[in-house]
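A.B. asks: Got a file for you: model33.pdb, PDB, C-alpha atoms, pLDDT in the B column.
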```
ATOM      1  CA  MET A  18      99.787  53.294 -91.966  1.00 83.00           C
ATOM      2  CA  ARG A  19     103.163  54.969 -91.478  1.00 96.00           C
ATOM      3  CA  SER A  20     106.116  52.594 -91.249  1.00 98.00           C
ATOM      4  CA  VAL A  21     109.769  52.475 -90.209  1.00 98.00           C
ATOM      5  CA  THR A  22     112.455  49.806 -90.343  1.00 98.00           C
ATOM      6  CA  TRP A  23     114.140  48.728 -87.116  1.00 98.00           C
ATOM      7  CA  ASN A  24     117.263  46.596 -87.349  1.00 98.00           C
ATOM      8  CA  PRO A  25     118.317  45.879 -83.756  1.00 98.00           C
ATOM      9  CA  TRP A  26     121.186  43.733 -85.002  1.00 98.00           C
ATOM     10  CA  HIS A  27     122.870  43.268 -88.355  1.00 98.00           C
ATOM     11  CA  GLY A  28     124.409  40.230 -90.011  1.00 96.00           C
ATOM     12  CA  CYS A  29     123.325  36.644 -90.482  1.00 97.00           C
ATOM     13  CA  ARG A  30     124.441  33.155 -91.442  1.00 95.00           C
ATOM     14  CA  LYS A  31     123.128  31.721 -94.698  1.00 96.00           C
ATOM     15  CA  LEU A  32     120.801  28.853 -93.919  1.00 96.00           C
ATOM     16  CA  SER A  33     119.090  27.506 -97.041  1.00 97.00           C
ATOM     17  CA  ALA A  34     118.659  27.866-100.800  1.00 96.00           C
ATOM     18  CA  GLY A  35     116.793  31.158-100.452  1.00 96.00           C
ATOM     19  CA  CYS A  36     119.863  32.737 -98.836  1.00 96.00           C
ATOM     20  CA  LYS A  37     122.158  32.180-101.829  1.00 94.00           C
ATOM     21  CA  HIS A  38     121.881  35.733-103.195  1.00 92.00           C
ATOM     22  CA  CYS A  39     120.961  37.473 -99.927  1.00 93.00           C
ATOM     23  CA  TYR A  40     120.579  41.225-100.455  1.00 89.00           C
ATOM     24  CA  VAL A  41     122.281  41.954 -97.112  1.00 92.00           C
ATOM     25  CA  TYR A  42     125.417  40.115 -98.240  1.00 94.00           C
ATOM     26  CA  ARG A  43     125.206  41.870-101.578  1.00 89.00           C
ATOM     27  CA  ILE A  44     125.010  45.337-100.031  1.00 90.00           C
ATOM     28  CA  ASP A  45     127.640  44.652 -97.370  1.00 90.00           C
ATOM     29  CA  ALA A  46     130.049  43.431-100.047  1.00 90.00           C
ATOM     30  CA  LYS A  47     130.040  46.912-101.593  1.00 88.00           C
ATOM     31  CA  TYR A  48     131.412  48.299 -98.330  1.00 88.00           C
ATOM     32  CA  GLU A  49     133.713  45.331 -97.623  1.00 90.00           C
ATOM     33  CA  ARG A  50     131.690  44.377 -94.540  1.00 92.00           C
ATOM     34  CA  ASP A  51     131.430  40.797 -93.296  1.00 92.00           C
ATOM     35  CA  SER A  52     127.718  39.934 -93.304  1.00 93.00           C
ATOM     36  CA  ALA A  53     128.337  36.818 -91.237  1.00 91.00           C
ATOM     37  CA  GLU A  54     129.480  38.997 -88.322  1.00 95.00           C
ATOM     38  CA  VAL A  55     126.401  39.602 -86.179  1.00 97.00           C
ATOM     39  CA  ARG A  56     126.414  42.815 -84.161  1.00 97.00           C
ATOM     40  CA  LYS A  57     124.012  45.120 -82.357  1.00 97.00           C
ATOM     41  CA  THR A  58     123.293  48.304 -84.234  1.00 98.00           C
ATOM     42  CA  GLN A  59     123.296  51.911 -83.085  1.00 97.00           C
ATOM     43  CA  ASN A  60     119.519  51.860 -83.538  1.00 97.00           C
ATOM     44  CA  PHE A  61     119.026  48.953 -81.143  1.00 98.00           C
ATOM     45  CA  ARG A  62     116.691  51.001 -78.926  1.00 98.00           C
ATOM     46  CA  LEU A  63     114.903  52.826 -81.753  1.00 98.00           C
ATOM     47  CA  PRO A  64     111.314  51.942 -80.708  1.00 98.00           C
ATOM     48  CA  VAL A  65     111.713  53.444 -77.237  1.00 98.00           C
ATOM     49  CA  LYS A  66     113.901  56.454 -78.019  1.00 98.00           C
ATOM     50  CA  LYS A  67     112.383  59.749 -76.880  1.00 98.00           C
ATOM     51  CA  ASP A  68     112.783  63.374 -77.864  1.00 97.00           C
ATOM     52  CA  ARG A  69     113.601  66.239 -75.474  1.00 97.00           C
ATOM     53  CA  GLN A  70     109.950  66.568 -74.546  1.00 97.00           C
ATOM     54  CA  GLY A  71     109.829  62.920 -73.484  1.00 97.00           C
ATOM     55  CA  HIS A  72     107.748  61.743 -76.436  1.00 97.00           C
ATOM     56  CA  TYR A  73     108.575  58.608 -78.374  1.00 98.00           C
ATOM     57  CA  LYS A  74     110.353  59.435 -81.620  1.00 98.00           C
ATOM     58  CA  VAL A  75     108.508  56.592 -83.361  1.00 98.00           C
ATOM     59  CA  GLU A  76     104.885  57.730 -83.455  1.00 98.00           C
ATOM     60  CA  SER A  77     102.011  55.714 -82.094  1.00 98.00           C
ATOM     61  CA  GLY A  78     100.342  53.556 -84.749  1.00 98.00           C
ATOM     62  CA  THR A  79     103.551  52.975 -86.723  1.00 98.00           C
ATOM     63  CA  LEU A  80     104.201  49.647 -88.444  1.00 98.00           C
ATOM     64  CA  ILE A  81     107.758  48.661 -87.521  1.00 98.00           C
ATOM     65  CA  TYR A  82     109.503  46.290 -89.948  1.00 98.00           C
ATOM     66  CA  THR A  83     111.799  44.414 -87.599  1.00 98.00           C
ATOM     67  CA  CYS A  84     115.219  42.862 -88.208  1.00 98.00           C
ATOM     68  CA  PHE A  85     115.322  43.045 -92.004  1.00 97.00           C
ATOM     69  CA  THR A  86     119.148  42.856 -92.159  1.00 97.00           C
ATOM     70  CA  SER A  87     119.306  39.699 -90.055  1.00 98.00           C
ATOM     71  CA  ASP A  88     116.937  37.054 -88.669  1.00 98.00           C
ATOM     72  CA  PHE A  89     115.089  37.869 -85.459  1.00 98.00           C
ATOM     73  CA  LEU A  90     115.505  34.276 -84.233  1.00 98.00           C
ATOM     74  CA  LEU A  91     119.206  33.993 -85.106  1.00 98.00           C
ATOM     75  CA  GLU A  92     121.213  32.091 -82.486  1.00 98.00           C
ATOM     76  CA  GLU A  93     123.911  34.765 -82.333  1.00 97.00           C
ATOM     77  CA  ALA A  94     121.313  37.277 -81.156  1.00 98.00           C
ATOM     78  CA  ASP A  95     119.996  35.206 -78.241  1.00 98.00           C
ATOM     79  CA  ALA A  96     121.630  37.492 -75.681  1.00 98.00           C
ATOM     80  CA  TRP A  97     119.859  40.602 -77.053  1.00 98.00           C
ATOM     81  CA  ARG A  98     116.412  39.291 -77.928  1.00 98.00           C
ATOM     82  CA  ALA A  99     114.855  39.583 -74.459  1.00 98.00           C
ATOM     83  CA  GLU A 100     115.438  43.326 -74.525  1.00 98.00           C
ATOM     84  CA  ALA A 101     113.972  43.515 -78.038  1.00 98.00           C
ATOM     85  CA  TRP A 102     110.839  41.676 -76.871  1.00 98.00           C
ATOM     86  CA  ALA A 103     110.598  44.088 -73.927  1.00 98.00           C
ATOM     87  CA  MET A 104     110.618  47.057 -76.309  1.00 98.00           C
ATOM     88  CA  MET A 105     107.870  45.452 -78.386  1.00 98.00           C
ATOM     89  CA  ARG A 106     105.855  44.966 -75.219  1.00 98.00           C
ATOM     90  CA  GLU A 107     106.440  48.569 -74.125  1.00 98.00           C
ATOM     91  CA  ARG A 108     105.367  49.900 -77.517  1.00 98.00           C
ATOM     92  CA  SER A 109     102.041  48.101 -77.604  1.00 98.00           C
ATOM     93  CA  ASP A 110     100.743  51.151 -79.511  1.00 98.00           C
ATOM     94  CA  CYS A 111     102.849  50.128 -82.540  1.00 98.00           C
ATOM     95  CA  THR A 112     102.790  46.993 -84.706  1.00 98.00           C
ATOM     96  CA  PHE A 113     105.965  44.965 -85.176  1.00 98.00           C
ATOM     97  CA  LEU A 114     106.496  42.586 -88.120  1.00 98.00           C
ATOM     98  CA  PHE A 115     109.412  40.205 -88.500  1.00 98.00           C
ATOM     99  CA  ILE A 116     110.196  37.509 -91.077  1.00 98.00           C
ATOM    100  CA  THR A 117     112.177  34.423 -90.111  1.00 98.00           C
ATOM    101  CA  LYS A 118     113.718  31.337 -91.686  1.00 98.00           C
ATOM    102  CA  ARG A 119     114.299  29.943 -88.188  1.00 98.00           C
ATOM    103  CA  ILE A 120     110.733  29.350 -87.088  1.00 98.00           C
ATOM    104  CA  ASP A 121     111.845  26.037 -85.567  1.00 98.00           C
ATOM    105  CA  ARG A 122     113.531  28.132 -82.833  1.00 98.00           C
ATOM    106  CA  PHE A 123     110.487  30.229 -82.011  1.00 98.00           C
ATOM    107  CA  LEU A 124     109.279  28.453 -78.890  1.00 97.00           C
ATOM    108  CA  GLU A 125     112.716  28.546 -77.279  1.00 97.00           C
ATOM    109  CA  CYS A 126     113.091  32.225 -78.201  1.00 98.00           C
ATOM    110  CA  ALA A 127     109.654  33.498 -77.159  1.00 98.00           C
ATOM    111  CA  PRO A 128     109.411  35.654 -74.023  1.00 98.00           C
ATOM    112  CA  PRO A 129     107.955  34.097 -70.837  1.00 97.00           C
ATOM    113  CA  ASP A 130     104.777  36.179 -71.084  1.00 97.00           C
ATOM    114  CA  TRP A 131     104.139  35.465 -74.772  1.00 98.00           C
ATOM    115  CA  GLY A 132     101.065  33.330 -74.056  1.00 97.00           C
ATOM    116  CA  ASP A 133      98.943  33.248 -77.209  1.00 96.00           C
ATOM    117  CA  GLY A 134     101.088  36.019 -78.697  1.00 97.00           C
ATOM    118  CA  TYR A 135     101.501  39.756 -78.344  1.00 98.00           C
ATOM    119  CA  ASP A 136      98.599  41.546 -80.002  1.00 97.00           C
ATOM    120  CA  ASN A 137     100.991  43.940 -81.750  1.00 98.00           C
ATOM    121  CA  VAL A 138     103.423  41.406 -83.269  1.00 98.00           C
ATOM    122  CA  ILE A 139     103.062  39.816 -86.730  1.00 98.00           C
ATOM    123  CA  VAL A 140     105.166  36.667 -87.182  1.00 98.00           C
ATOM    124  CA  CYS A 141     106.055  35.798 -90.784  1.00 98.00           C
ATOM    125  CA  CYS A 142     107.646  32.516 -91.850  1.00 98.00           C
ATOM    126  CA  THR A 143     109.486  32.550 -95.162  1.00 98.00           C
ATOM    127  CA  VAL A 144     109.767  29.567 -97.511  1.00 98.00           C
ATOM    128  CA  GLU A 145     111.375  29.345-100.927  1.00 98.00           C
ATOM    129  CA  ASN A 146     110.838  25.782-102.143  1.00 98.00           C
ATOM    130  CA  GLN A 147     108.865  22.658-101.265  1.00 98.00           C
ATOM    131  CA  ASP A 148     111.591  21.257 -99.025  1.00 98.00           C
ATOM    132  CA  ARG A 149     111.623  24.315 -96.751  1.00 98.00           C
ATOM    133  CA  THR A 150     107.826  24.574 -96.930  1.00 98.00           C
ATOM    134  CA  ASP A 151     107.406  21.057 -95.580  1.00 98.00           C
ATOM    135  CA  TYR A 152     110.064  21.611 -92.914  1.00 98.00           C
ATOM    136  CA  ARG A 153     109.169  25.077 -91.592  1.00 98.00           C
ATOM    137  CA  LEU A 154     105.401  25.353 -91.881  1.00 98.00           C
ATOM    138  CA  PRO A 155     104.537  22.461 -89.522  1.00 98.00           C
ATOM    139  CA  TYR A 156     106.532  24.341 -86.862  1.00 98.00           C
ATOM    140  CA  PHE A 157     104.806  27.568 -87.857  1.00 98.00           C
ATOM    141  CA  LEU A 158     101.334  26.124 -87.423  1.00 98.00           C
ATOM    142  CA  LYS A 159     102.189  24.945 -83.912  1.00 97.00           C
ATOM    143  CA  ILE A 160     103.331  28.281 -82.524  1.00 97.00           C
ATOM    144  CA  PRO A 161     100.874  30.643 -80.826  1.00 97.00           C
ATOM    145  CA  ALA A 162     100.740  34.067 -82.481  1.00 97.00           C
ATOM    146  CA  ASN A 163      98.203  36.847 -82.817  1.00 94.00           C
ATOM    147  CA  ARG A 164      98.850  37.114 -86.557  1.00 97.00           C
ATOM    148  CA  LYS A 165     100.735  34.706 -88.842  1.00 98.00           C
ATOM    149  CA  GLU A 166     101.766  35.304 -92.440  1.00 98.00           C
ATOM    150  CA  ILE A 167     103.618  33.122 -94.952  1.00 98.00           C
ATOM    151  CA  VAL A 168     106.203  34.744 -97.233  1.00 98.00           C
ATOM    152  CA  CYS A 169     107.221  32.753-100.334  1.00 98.00           C
ATOM    153  CA  SER A 170     110.321  34.713-101.289  1.00 97.00           C
ATOM    154  CA  PRO A 171     112.461  34.291-103.205  1.00 98.00           C
ATOM    155  CA  LEU A 172     110.098  31.851-104.899  1.00 98.00           C
ATOM    156  CA  LEU A 173     112.380  29.245-106.506  1.00 98.00           C
ATOM    157  CA  GLU A 174     109.947  26.571-107.639  1.00 98.00           C
ATOM    158  CA  ASP A 175     106.315  25.522-107.707  1.00 98.00           C
ATOM    159  CA  ILE A 176     105.086  25.023-104.142  1.00 98.00           C
ATOM    160  CA  THR A 177     102.131  23.165-102.669  1.00 98.00           C
ATOM    161  CA  LEU A 178     100.932  25.241 -99.710  1.00 98.00           C
ATOM    162  CA  SER A 179      97.421  23.877 -99.323  1.00 98.00           C
ATOM    163  CA  PRO A 180      98.092  21.625 -96.297  1.00 98.00           C
ATOM    164  CA  TYR A 181      99.276  24.678 -94.362  1.00 98.00           C
ATOM    165  CA  LEU A 182      96.657  27.251 -95.357  1.00 98.00           C
ATOM    166  CA  THR A 183      94.617  27.060 -92.175  1.00 97.00           C
ATOM    167  CA  PRO A 184      92.300  29.856 -90.953  1.00 96.00           C
ATOM    168  CA  GLU A 185      95.066  31.218 -88.712  1.00 96.00           C
ATOM    169  CA  ILE A 186      97.148  32.266 -91.756  1.00 98.00           C
ATOM    170  CA  ALA A 187      96.354  35.940 -92.323  1.00 97.00           C
ATOM    171  CA  CYS A 188      98.103  36.387 -95.671  1.00 98.00           C
ATOM    172  CA  VAL A 189     100.483  34.796 -98.177  1.00 98.00           C
ATOM    173  CA  THR A 190     103.015  37.065 -99.888  1.00 98.00           C
ATOM    174  CA  VAL A 191     104.983  35.959-102.970  1.00 98.00           C
ATOM    175  CA  GLY A 192     108.041  37.484-104.610  1.00 98.00           C
ATOM    176  CA  GLY A 193     110.841  36.661-107.024  1.00 98.00           C
ATOM    177  CA  GLU A 194     114.577  37.114-106.504  1.00 97.00           C
ATOM    178  CA  SER A 195     116.442  40.336-107.253  1.00 94.00           C
ATOM    179  CA  GLY A 196     120.083  41.194-107.824  1.00 89.00           C
ATOM    180  CA  ASP A 197     122.931  39.743-109.866  1.00 83.00           C
ATOM    181  CA  GLY A 198     122.495  36.049-110.567  1.00 90.00           C
ATOM    182  CA  ALA A 199     118.825  36.110-109.593  1.00 96.00           C
ATOM    183  CA  ARG A 200     117.081  32.822-110.200  1.00 97.00           C
ATOM    184  CA  VAL A 201     113.949  32.622-112.322  1.00 98.00           C
ATOM    185  CA  CYS A 202     110.488  33.182-110.887  1.00 98.00           C
ATOM    186  CA  ASP A 203     107.755  31.662-113.052  1.00 98.00           C
ATOM    187  CA  PHE A 204     104.328  33.308-113.185  1.00 98.00           C
ATOM    188  CA  ASP A 205     102.684  29.874-113.235  1.00 98.00           C
ATOM    189  CA  TRP A 206     104.177  29.186-109.775  1.00 98.00           C
ATOM    190  CA  VAL A 207     102.756  32.486-108.522  1.00 98.00           C
ATOM    191  CA  LEU A 208      99.318  31.706-109.947  1.00 98.00           C
ATOM    192  CA  HIS A 209      99.362  28.220-108.438  1.00 98.00           C
ATOM    193  CA  ILE A 210      99.927  29.666-104.965  1.00 98.00           C
ATOM    194  CA  ARG A 211      97.172  32.190-105.608  1.00 98.00           C
ATOM    195  CA  GLU A 212      94.762  29.414-106.595  1.00 98.00           C
ATOM    196  CA  GLN A 213      95.525  27.587-103.361  1.00 98.00           C
ATOM    197  CA  CYS A 214      94.881  30.781-101.383  1.00 98.00           C
ATOM    198  CA  VAL A 215      91.561  31.292-103.176  1.00 98.00           C
ATOM    199  CA  ARG A 216      90.434  27.770-102.260  1.00 98.00           C
ATOM    200  CA  ALA A 217      91.500  28.275 -98.638  1.00 98.00           C
ATOM    201  CA  GLY A 218      90.053  31.788 -98.345  1.00 97.00           C
ATOM    202  CA  VAL A 219      93.453  33.275 -97.484  1.00 98.00           C
ATOM    203  CA  PRO A 220      94.471  36.774 -98.700  1.00 98.00           C
ATOM    204  CA  PHE A 221      97.239  36.778-101.324  1.00 98.00           C
ATOM    205  CA  HIS A 222      99.789  39.455-102.216  1.00 98.00           C
ATOM    206  CA  PHE A 223     102.138  39.363-105.229  1.00 98.00           C
ATOM    207  CA  GLN A 224     104.901  41.658-104.005  1.00 98.00           C
ATOM    208  CA  GLN A 225     107.483  41.647-106.788  1.00 98.00           C
ATOM    209  CA  THR A 226     108.437  39.801-109.955  1.00 98.00           C
ATOM    210  CA  GLY A 227     112.144  39.466-109.272  1.00 98.00           C
ATOM    211  CA  ALA A 228     114.829  40.261-111.834  1.00 97.00           C
ATOM    212  CA  ASN A 229     114.244  37.213-114.054  1.00 98.00           C
ATOM    213  CA  PHE A 230     110.543  36.667-114.540  1.00 98.00           C
ATOM    214  CA  ARG A 231     109.097  33.972-116.789  1.00 98.00           C
ATOM    215  CA  LYS A 232     105.568  34.275-118.135  1.00 97.00           C
ATOM    216  CA  ASN A 233     103.984  32.030-120.766  1.00 96.00           C
ATOM    217  CA  GLY A 234     107.395  30.496-121.431  1.00 96.00           C
ATOM    218  CA  ARG A 235     109.078  33.824-122.141  1.00 97.00           C
ATOM    219  CA  LEU A 236     111.811  35.201-119.869  1.00 97.00           C
ATOM    220  CA  TYR A 237     111.685  38.896-118.986  1.00 97.00           C
ATOM    221  CA  LYS A 238     114.519  40.910-117.453  1.00 97.00           C
ATOM    222  CA  ILE A 239     112.851  43.293-114.994  1.00 97.00           C
ATOM    223  CA  PRO A 240     114.849  46.285-113.660  1.00 96.00           C
ATOM    224  CA  ARG A 241     114.917  46.528-109.864  1.00 94.00           C
ATOM    225  CA  ASN A 242     112.892  49.735-109.812  1.00 95.00           C
ATOM    226  CA  ARG A 243     110.033  48.132-111.764  1.00 97.00           C
ATOM    227  CA  GLN A 244     109.694  44.749-110.045  1.00 98.00           C
ATOM    228  CA  HIS A 245     107.064  45.887-107.538  1.00 98.00           C
ATOM    229  CA  GLU A 246     105.234  47.901-110.196  1.00 98.00           C
ATOM    230  CA  GLN A 247     105.024  44.945-112.589  1.00 97.00           C
ATOM    231  CA  ALA A 248     103.679  42.726-109.841  1.00 98.00           C
ATOM    232  CA  ARG A 249     100.968  45.271-109.047  1.00 97.00           C
ATOM    233  CA  LYS A 250     100.044  45.494-112.729  1.00 97.00           C
ATOM    234  CA  ALA A 251      99.325  41.766-112.767  1.00 97.00           C
ATOM    235  CA  GLY A 252      96.209  42.616-110.746  1.00 97.00           C
ATOM    236  CA  ILE A 253      96.066  39.292-108.917  1.00 98.00           C
ATOM    237  CA  ASN A 254      96.168  40.391-105.278  1.00 98.00           C
ATOM    238  CA  ILE A 255      93.357  39.157-103.025  1.00 97.00           C
ATOM    239  CA  PRO A 256      91.739  41.339-101.920  1.00 91.00           C
ATOM    240  CA  GLU A 257      92.666  44.052-104.444  1.00 63.00           C
TER     241      GLU A 257
END
```
So, in terms of structure tokens, how does the structure I just supplied come out?
C.D. replies:
Amino acid sequence: MRSVTWNPWHGCRKLSAGCKHCYVYRIDAKYERDSAEVRKTQNFRLPVKKDRQGHYKVESGTLIYTCFTSDFLLEEADAWRAEAWAMMRERSDCTFLFITKRIDRFLECAPPDWGDGYDNVIVCCTVENQDRTDYRLPYFLKIPANRKEIVCSPLLEDITLSPYLTPEIACVTVGGESGDGARVCDFDWVLHIREQCVRAGVPFHFQQTGANFRKNGRLYKIPRNRQHEQARKAGINIPE
């Protein structure tokens, strides 16, 4: 499936432990931009832009990664979100995926016609430790959505997910932390989550090792351009 990234707004406020080394803050710092300043982007209307012939520039069937330089449920974006939902509804021929740390705001942010969820929207809740798992996932299980995925990234400690791995969870994705000062991701934590997914019959995806990856007690420094590759080589995705 072809894919594009759509960032309707940029900037975010750090919320929890997983935000400590946020890649958006890291990149913005290079250009002396304030990541805490939330603003609409020039690509706000990307999904519905058309060419001179009146055709959508984003092709039908595209997977659209949504709001990856912010949080789709961020309070500062409340005034713009209705229009974003409307574009998702208009482009029912595309699939939209967003990841949020603010799943507790979902019901107040959902559009009036959400019902049981838009068929073309994947809602992902991210957790990084047990504290955030036990806070966010009960909210996540209560929301109506066509497809729900859990993202454990950056994985900062061993996590018990089993109470939340219900049949409505379509996939669990795990990844370590990248960048300067990245915290350790232990392979045993990854395998523990995988074991829980196996027992629950939930697909599992090991996305990346992170920069500091510990396996069998040994710490490995993994260059950024090899973190996804090394995760693939582990051969533990379900299904492969």
A.B. asks: Give me, please, the distance in Å between atom CA of Cys36 of chain A and atom CA of Pro155 of chain A, quoted to one decimal.
C.D. replies: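 Between atom CA of Cys36 of chain A and atom CA of Pro155 of chain A the gap works out to 20.7 Å.
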A.B. asks: Which residue out of A:Lys47, A:Lys159, A:Arg98, A:Lys67 has the minimum interatomic distance to Trp26 of chain A when all atoms listed in the file are used?
C.D. replies: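 Looking at the shortest contact to Trp26 of chain A, the residue is A:Arg98.
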A.B. asks: Between atom CA of Thr117 of chain A and atom CA of Val215 of chain A, what is the spacing in Å?
C.D. replies: 24.6 Å
A.B. asks: Run the PyMOL selection byres ((chain A and resi 111-116) around 10) mentally over the shown coordinates, then write out the matched residues as a ChimeraX atom specification, using the chain letters and numbers from the document.
C.D. replies: /A:20-23,64,75-85,87-90,105-110,117-120,135-143,164-168
A.B. asks: Give me the residues near Asn242 of chain A as a JSON list (two decimals) with C-alpha atoms, in the coordinates of the input, where near means some atom within 12 Å (using only C-alpha atoms) and where sequence neighbours in that chain fewer than 6 positions away do not count.
C.D. replies:
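New file around_0.json:
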```json
[["chain", "number", "residue", "atom", "x", "y", "z"],
["A", 195, "SER", "CA", 116.44, 40.34, -107.25],
["A", 196, "GLY", "CA", 120.08, 41.19, -107.82],
["A", 225, "GLN", "CA", 107.48, 41.65, -106.79],
["A", 226, "THR", "CA", 108.44, 39.80, -109.96],
["A", 227, "GLY", "CA", 112.14, 39.47, -109.27],
["A", 228, "ALA", "CA", 114.83, 40.26, -111.83],
["A", 248, "ALA", "CA", 103.68, 42.73, -109.84]]
```
A.B. asks: Quick one: of A:His72, A:Arg235, A:Arg211, A:Lys57, who's nearest to Asp95 of chain A, counting only C-alpha atoms?
C.D. replies: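 For Asp95 of chain A, the nearest of the candidates is A:Lys57.
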A.B. asks: Which of these, A:Val189, A:Leu124, A:Leu172, A:Ala96, has the shortest distance to Phe157 of chain A once you count all atoms listed in the file?
C.D. replies: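 Checking each of A:Val189, A:Leu124, A:Leu172, A:Ala96 against Phe157 of chain A, counting all atoms listed in the file, the winner is A:Leu124.
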A.B. asks: Please provide as a list in words all residues within 8 Å of Val55 of chain A, with the sequence filter that same-chain residues fewer than 2 positions apart are discarded (counting all atoms listed in the file).
C.D. replies: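 Result of the neighbour search: Trp26, His27, Gly28, Cys29, Ser52, Ala53, Lys57, Glu93 and Ala94 of chain A.
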A.B. asks: Write out the residues from the selection above, keeping C-alpha atoms, as a PDB file, keeping the file's coordinate frame.
C.D. replies:
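Contents of the output file selection.pdb:
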```
ATOM      1  CA  TRP A  26     121.186  43.733 -85.002  1.00 98.00           C
ATOM      2  CA  HIS A  27     122.870  43.268 -88.355  1.00 98.00           C
ATOM      3  CA  GLY A  28     124.409  40.230 -90.011  1.00 96.00           C
ATOM      4  CA  CYS A  29     123.325  36.644 -90.482  1.00 97.00           C
ATOM      5  CA  SER A  52     127.718  39.934 -93.304  1.00 93.00           C
ATOM      6  CA  ALA A  53     128.337  36.818 -91.237  1.00 91.00           C
ATOM      7  CA  LYS A  57     124.012  45.120 -82.357  1.00 97.00           C
ATOM      8  CA  GLU A  93     123.911  34.765 -82.333  1.00 97.00           C
ATOM      9  CA  ALA A  94     121.313  37.277 -81.156  1.00 98.00           C
TER      10      ALA A  94
END
```
A.B. asks: Which residue is closest to Leu236 of chain A? Choose from A:Leu158, A:Gln213, A:Ile255, A:Cys202 and count all atoms listed in the file.
C.D. replies: A:Cys202
A.B. asks: Could you list the residues chosen by the PyMOL selection byres ((chain A and resi 173) around 6) in this structure as an mmCIF file with C-alpha atoms, keeping the file's coordinate frame?
C.D. replies:
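Once written, out37.cif looks like this:
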```
data_model
loop_
_atom_site.group_PDB
_atom_site.id
_atom_site.type_symbol
_atom_site.label_atom_id
_atom_site.label_comp_id
_atom_site.auth_asym_id
_atom_site.auth_seq_id
_atom_site.Cartn_x
_atom_site.Cartn_y
_atom_site.Cartn_z
ATOM 1 C CA GLU A 145 111.375 29.345 -100.927
ATOM 2 C CA ASN A 146 110.838 25.782 -102.143
ATOM 3 C CA LEU A 172 110.098 31.851 -104.899
ATOM 4 C CA GLU A 174 109.947 26.571 -107.639
#
```
A.B. asks: I need the output of the PyMOL selection byres ((chain A and resi 178) around 8) for this file as a list in words; which residues are they?
C.D. replies: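 Taken on the displayed file, the PyMOL selection byres ((chain A and resi 178) around 8) yields the residues Thr150, Ile176, Thr177, Ser179, Pro180, Tyr181, Leu182, Ile210 and Gln213 of chain A.
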A.B. asks: Mind giving me the straight-line distance from atom CA of Met104 of chain A to atom CA of Thr58 of chain A in Å, one decimal?
C.D. replies: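 Interatomic distance, atom CA of Met104 of chain A to atom CA of Thr58 of chain A: 15.0 Å.
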A.B. asks: Of the residues A:Lys74, A:Lys250, A:Arg122, A:Arg43, which is the one nearest to Tyr156 of chain A, using only C-alpha atoms?
C.D. replies: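 Comparing A:Lys74, A:Lys250, A:Arg122, A:Arg43 against Tyr156 of chain A, the winner is A:Arg122.
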A.B. asks: What are the centre and edge lengths in Å, to one decimal, of the axis-aligned box around all listed atoms of segment 66-82 of chain A with 5 Å added on each side, as JSON?
C.D. replies:
```
{"center_x": 107.1, "center_y": 56.4, "center_z": -81.7, "size_x": 23.6, "size_y": 30.3, "size_z": 26.5}
```
A.B. asks: May I have the residues at most 8 Å from (115.2, 32.1, -110.8) in the file's coordinates, counting all atoms listed in the file, as a VMD selection string?
C.D. replies: chain A and resid 172 to 173 193 to 194 199 to 203 229 to 230
